[in-house]
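Comments concern the structure below.
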Amino acid sequence: QVQLVESGGGLVQAGGSLRLSCAASGSILRLNVMGWYRQAPGKQRELVATITSDSSTNYADFVKGRFAISRDNAKNTLYLQMNSLKPEDTGVYYCHAKYSILNYWGQGTQVTVSS
């Protein structure tokens with residue numbers, strides 16, 4: 001069982017920055033892939049970025065060059081640095097982890113970008 005707890009969301013003006021954190025229970029070294037997803041009101045949850053156990057990263061086109069995903073294995077924590085935020089980045093951001101065939105989700109953290 002893996003528990004994921006996100007933090008770092010909030011209200012920010014367009015052009016601003018936020019850093020999201022996802023603290024995992026236990027070592028994240030055993031997790032095959034970790035990532036961030038988001039869900040805007042009335043829309044489906046979508047992939048934002050992923051990072052594998054060997055630190056290979058993947059980004060959705062709409063965040064490339066603005067967001068950076070990273071992991072600190074010593075702290076069992078996943079991060080998402082978000083820069084140049086836009087109003088369309090508003091939504092609930094969820095931390096995700098995959099371990100073998102199992103998928104785990106955090107409870108989400110709200111990000112609101114005002115214009």
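The chains in the structure tokens are called A, B, ... from first to last as shown; in each chain the residues are counted from 1, and the ligands are counted from 1 in the order shown.
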May I have all residues of chain A that DSSP, computed from the backbone, assigns to strand (DSSP E or B), given as a ChimeraX atom specification?
/A:4-7,10-13,18-24,33-39,46-52,57-59,67-72,77-82,91-99,102-105,109-114
Enumerate as an MDAnalysis selection string all residues of chain A assigned to helix (DSSP H, G or I) by DSSP on the backbone, naming them with the chain letters and numbers the document uses.
chainID A and resid 28:30 61:63 87:89
Hey, can you spit out that residue selection with all heavy atoms as a PDB file, in the first residue's frame?
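Resulting contents of part.pdb:
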ATOM      1  N   ILE A  28      10.257   5.569  -2.352  1.00  0.00           N
ATOM      2  CA  ILE A  28       9.731   5.737  -3.713  1.00  0.00           C
ATOM      3  C   ILE A  28      10.615   5.036  -4.738  1.00  0.00           C
ATOM      4  O   ILE A  28      10.277   4.988  -5.915  1.00  0.00           O
ATOM      5  CB  ILE A  28       9.543   7.219  -4.086  1.00  0.00           C
ATOM      6  CG1 ILE A  28      10.885   7.953  -4.123  1.00  0.00           C
ATOM      7  CG2 ILE A  28       8.555   7.886  -3.152  1.00  0.00           C
ATOM      8  CD1 ILE A  28      10.768   9.377  -4.667  1.00  0.00           C
ATOM      9  N   LEU A  29      11.723   4.496  -4.284  1.00  0.00           N
ATOM     10  CA  LEU A  29      12.601   3.787  -5.215  1.00  0.00           C
ATOM     11  C   LEU A  29      11.911   2.572  -5.818  1.00  0.00           C
ATOM     12  O   LEU A  29      12.224   2.168  -6.926  1.00  0.00           O
ATOM     13  CB  LEU A  29      13.888   3.367  -4.495  1.00  0.00           C
ATOM     14  CG  LEU A  29      14.867   4.488  -4.165  1.00  0.00           C
ATOM     15  CD1 LEU A  29      15.997   3.981  -3.287  1.00  0.00           C
ATOM     16  CD2 LEU A  29      15.433   5.097  -5.439  1.00  0.00           C
ATOM     17  N   ARG A  30      10.963   1.996  -5.069  1.00  0.00           N
ATOM     18  CA  ARG A  30      10.254   0.806  -5.554  1.00  0.00           C
ATOM     19  C   ARG A  30       9.153   1.134  -6.549  1.00  0.00           C
ATOM     20  O   ARG A  30       8.575   0.244  -7.160  1.00  0.00           O
ATOM     21  CB  ARG A  30       9.639   0.073  -4.362  1.00  0.00           C
ATOM     22  CG  ARG A  30       8.617   0.895  -3.613  1.00  0.00           C
ATOM     23  CD  ARG A  30       8.335   0.343  -2.222  1.00  0.00           C
ATOM     24  NE  ARG A  30       7.590   1.315  -1.430  1.00  0.00           N
ATOM     25  CZ  ARG A  30       6.344   1.113  -1.018  1.00  0.00           C
ATOM     26  NH1 ARG A  30       5.723  -0.003  -1.293  1.00  0.00           N
ATOM     27  NH2 ARG A  30       5.723   2.043  -0.297  1.00  0.00           N
ATOM     28  N   ASP A  61       2.403  18.369 -23.820  1.00  0.00           N
ATOM     29  CA  ASP A  61       2.850  19.483 -24.664  1.00  0.00           C
ATOM     30  C   ASP A  61       2.506  20.831 -24.050  1.00  0.00           C
ATOM     31  O   ASP A  61       3.273  21.795 -24.188  1.00  0.00           O
ATOM     32  CB  ASP A  61       2.218  19.368 -26.057  1.00  0.00           C
ATOM     33  CG  ASP A  61       2.841  18.265 -26.884  1.00  0.00           C
ATOM     34  OD1 ASP A  61       3.944  17.807 -26.527  1.00  0.00           O
ATOM     35  OD2 ASP A  61       2.225  17.855 -27.881  1.00  0.00           O
ATOM     36  N   PHE A  62       1.366  20.912 -23.362  1.00  0.00           N
ATOM     37  CA  PHE A  62       0.922  22.213 -22.876  1.00  0.00           C
ATOM     38  C   PHE A  62       1.714  22.712 -21.672  1.00  0.00           C
ATOM     39  O   PHE A  62       1.524  23.838 -21.226  1.00  0.00           O
ATOM     40  CB  PHE A  62      -0.582  22.194 -22.559  1.00  0.00           C
ATOM     41  CG  PHE A  62      -1.030  21.088 -21.644  1.00  0.00           C
ATOM     42  CD1 PHE A  62      -0.798  21.158 -20.277  1.00  0.00           C
ATOM     43  CD2 PHE A  62      -1.675  19.980 -22.154  1.00  0.00           C
ATOM     44  CE1 PHE A  62      -1.213  20.140 -19.431  1.00  0.00           C
ATOM     45  CE2 PHE A  62      -2.093  18.950 -21.324  1.00  0.00           C
ATOM     46  CZ  PHE A  62      -1.860  19.027 -19.959  1.00  0.00           C
ATOM     47  N   VAL A  63       2.635  21.904 -21.124  1.00  0.00           N
ATOM     48  CA  VAL A  63       3.465  22.365 -20.007  1.00  0.00           C
ATOM     49  C   VAL A  63       4.952  22.343 -20.333  1.00  0.00           C
ATOM     50  O   VAL A  63       5.769  22.779 -19.514  1.00  0.00           O
ATOM     51  CB  VAL A  63       3.216  21.557 -18.709  1.00  0.00           C
ATOM     52  CG1 VAL A  63       1.756  21.634 -18.300  1.00  0.00           C
ATOM     53  CG2 VAL A  63       3.695  20.125 -18.848  1.00  0.00           C
ATOM     54  N   PRO A  87      -4.041  30.994 -16.624  1.00  0.00           N
ATOM     55  CA  PRO A  87      -5.365  30.685 -16.064  1.00  0.00           C
ATOM     56  C   PRO A  87      -5.844  29.285 -16.437  1.00  0.00           C
ATOM     57  O   PRO A  87      -6.509  28.617 -15.628  1.00  0.00           O
ATOM     58  CB  PRO A  87      -6.254  31.765 -16.669  1.00  0.00           C
ATOM     59  CG  PRO A  87      -5.338  32.926 -16.859  1.00  0.00           C
ATOM     60  CD  PRO A  87      -4.023  32.309 -17.274  1.00  0.00           C
ATOM     61  N   GLU A  88      -5.485  28.815 -17.617  1.00  0.00           N
ATOM     62  CA  GLU A  88      -5.914  27.473 -18.035  1.00  0.00           C
ATOM     63  C   GLU A  88      -5.191  26.347 -17.297  1.00  0.00           C
ATOM     64  O   GLU A  88      -5.532  25.174 -17.471  1.00  0.00           O
ATOM     65  CB  GLU A  88      -5.732  27.297 -19.553  1.00  0.00           C
ATOM     66  CG  GLU A  88      -4.367  27.669 -20.077  1.00  0.00           C
ATOM     67  CD  GLU A  88      -4.315  29.090 -20.634  1.00  0.00           C
ATOM     68  OE1 GLU A  88      -4.862  30.023 -19.972  1.00  0.00           O
ATOM     69  OE2 GLU A  88      -3.709  29.277 -21.715  1.00  0.00           O
ATOM     70  N   ASP A  89      -4.216  26.686 -16.472  1.00  0.00           N
ATOM     71  CA  ASP A  89      -3.569  25.685 -15.619  1.00  0.00           C
ATOM     72  C   ASP A  89      -4.379  25.421 -14.351  1.00  0.00           C
ATOM     73  O   ASP A  89      -4.020  24.539 -13.558  1.00  0.00           O
ATOM     74  CB  ASP A  89      -2.163  26.135 -15.227  1.00  0.00           C
ATOM     75  CG  ASP A  89      -1.207  26.198 -16.401  1.00  0.00           C
ATOM     76  OD1 ASP A  89      -1.248  25.280 -17.248  1.00  0.00           O
ATOM     77  OD2 ASP A  89      -0.414  27.164 -16.465  1.00  0.00           O
TER      78      ASP A  89
END
Rounded to one decimal, what separation in Å do you get between atom CA of A:Gln39 and atom CA of A:Leu102?
21.0 Å
Just checking: using only C-alpha atoms, which residue out of A:Lys64, A:Lys86, A:Lys43, A:Arg38 ends up closest to A:Leu20?
A:Arg38
Which residues, written as an mmCIF file with N, CA and C atoms, in the first residue's frame, have at least one atom at most 8 Å from stretch 6-9 of chain A, with only C-alpha atoms counted and residues fewer than 6 positions away on the same chain left out?
data_model
loop_
_atom_site.group_PDB
_atom_site.id
_atom_site.type_symbol
_atom_site.label_atom_id
_atom_site.label_comp_id
_atom_site.auth_asym_id
_atom_site.auth_seq_id
_atom_site.Cartn_x
_atom_site.Cartn_y
_atom_site.Cartn_z
ATOM 1 N N LEU A 18 4.458 28.139 -8.701
ATOM 2 C CA LEU A 18 4.135 27.322 -7.540
ATOM 3 C C LEU A 18 4.962 26.051 -7.617
ATOM 4 N N ARG A 19 5.241 25.479 -6.444
ATOM 5 C CA ARG A 19 5.880 24.166 -6.419
ATOM 6 C C ARG A 19 5.005 23.209 -5.626
ATOM 7 N N LEU A 20 4.581 22.166 -6.284
ATOM 8 C CA LEU A 20 3.791 21.132 -5.630
ATOM 9 C C LEU A 20 4.710 20.040 -5.101
ATOM 10 N N SER A 21 4.323 19.472 -3.983
ATOM 11 C CA SER A 21 5.051 18.349 -3.396
ATOM 12 C C SER A 21 4.104 17.182 -3.185
ATOM 13 N N CYS A 22 4.638 15.992 -3.268
ATOM 14 C CA CYS A 22 3.866 14.776 -3.015
ATOM 15 C C CYS A 22 4.723 13.867 -2.140
ATOM 16 N N ALA A 23 4.330 13.745 -0.891
ATOM 17 C CA ALA A 23 5.054 12.906 0.046
ATOM 18 C C ALA A 23 4.475 11.506 0.017
ATOM 19 N N TYR A 94 -3.224 16.081 -9.032
ATOM 20 C CA TYR A 94 -3.142 14.805 -8.328
ATOM 21 C C TYR A 94 -1.776 14.153 -8.539
ATOM 22 N N CYS A 95 -1.260 13.615 -7.479
ATOM 23 C CA CYS A 95 -0.040 12.818 -7.532
ATOM 24 C C CYS A 95 -0.432 11.374 -7.824
ATOM 25 N N GLY A 106 -3.114 10.434 -4.864
ATOM 26 C CA GLY A 106 -3.278 11.306 -3.721
ATOM 27 C C GLY A 106 -4.654 11.930 -3.743
ATOM 28 N N GLN A 107 -4.936 12.757 -2.750
ATOM 29 C CA GLN A 107 -6.254 13.363 -2.627
ATOM 30 C C GLN A 107 -6.395 14.626 -3.475
ATOM 31 N N GLY A 108 -5.295 15.135 -3.966
ATOM 32 C CA GLY A 108 -5.329 16.309 -4.836
ATOM 33 C C GLY A 108 -5.075 17.607 -4.100
ATOM 34 N N THR A 109 -4.546 18.577 -4.815
ATOM 35 C CA THR A 109 -4.334 19.912 -4.281
ATOM 36 C C THR A 109 -4.791 20.931 -5.325
ATOM 37 N N GLN A 110 -5.521 21.930 -4.887
ATOM 38 C CA GLN A 110 -6.120 22.906 -5.799
ATOM 39 C C GLN A 110 -5.098 23.962 -6.215
ATOM 40 N N VAL A 111 -5.039 24.202 -7.505
ATOM 41 C CA VAL A 111 -4.231 25.285 -8.063
ATOM 42 C C VAL A 111 -5.175 26.222 -8.813
ATOM 43 N N THR A 112 -5.139 27.484 -8.449
ATOM 44 C CA THR A 112 -5.984 28.469 -9.103
ATOM 45 C C THR A 112 -5.105 29.599 -9.611
#
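Using only C-alpha atoms, the nearest neighbour of A:Thr90 within the list A:Val2, A:Val113, A:Ala49, A:Ala68 is A:Val113.
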Excluding same-chain residues fewer than 2 positions from A:Ile51, what lies within 7 Å of it counting only C-alpha atoms, as a ChimeraX atom specification?
/A:33-35,53,55-58,69
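Here the question is which of A:Leu47, A:Ala60, A:Ala97, A:Leu11 gets nearest to A:Leu78 using only C-alpha atoms, and that residue is A:Ala97.
Take the candidates A:Asn32, A:Lys75, A:Ala14, A:Tyr104 and check each one against A:Gln1 using only C-alpha atoms; the shortest distance goes to A:Tyr104.
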From the list A:Gly65, A:Gly10, A:Asn73, A:Gly91, the nearest residue to A:Thr52 using only C-alpha atoms is A:Asn73
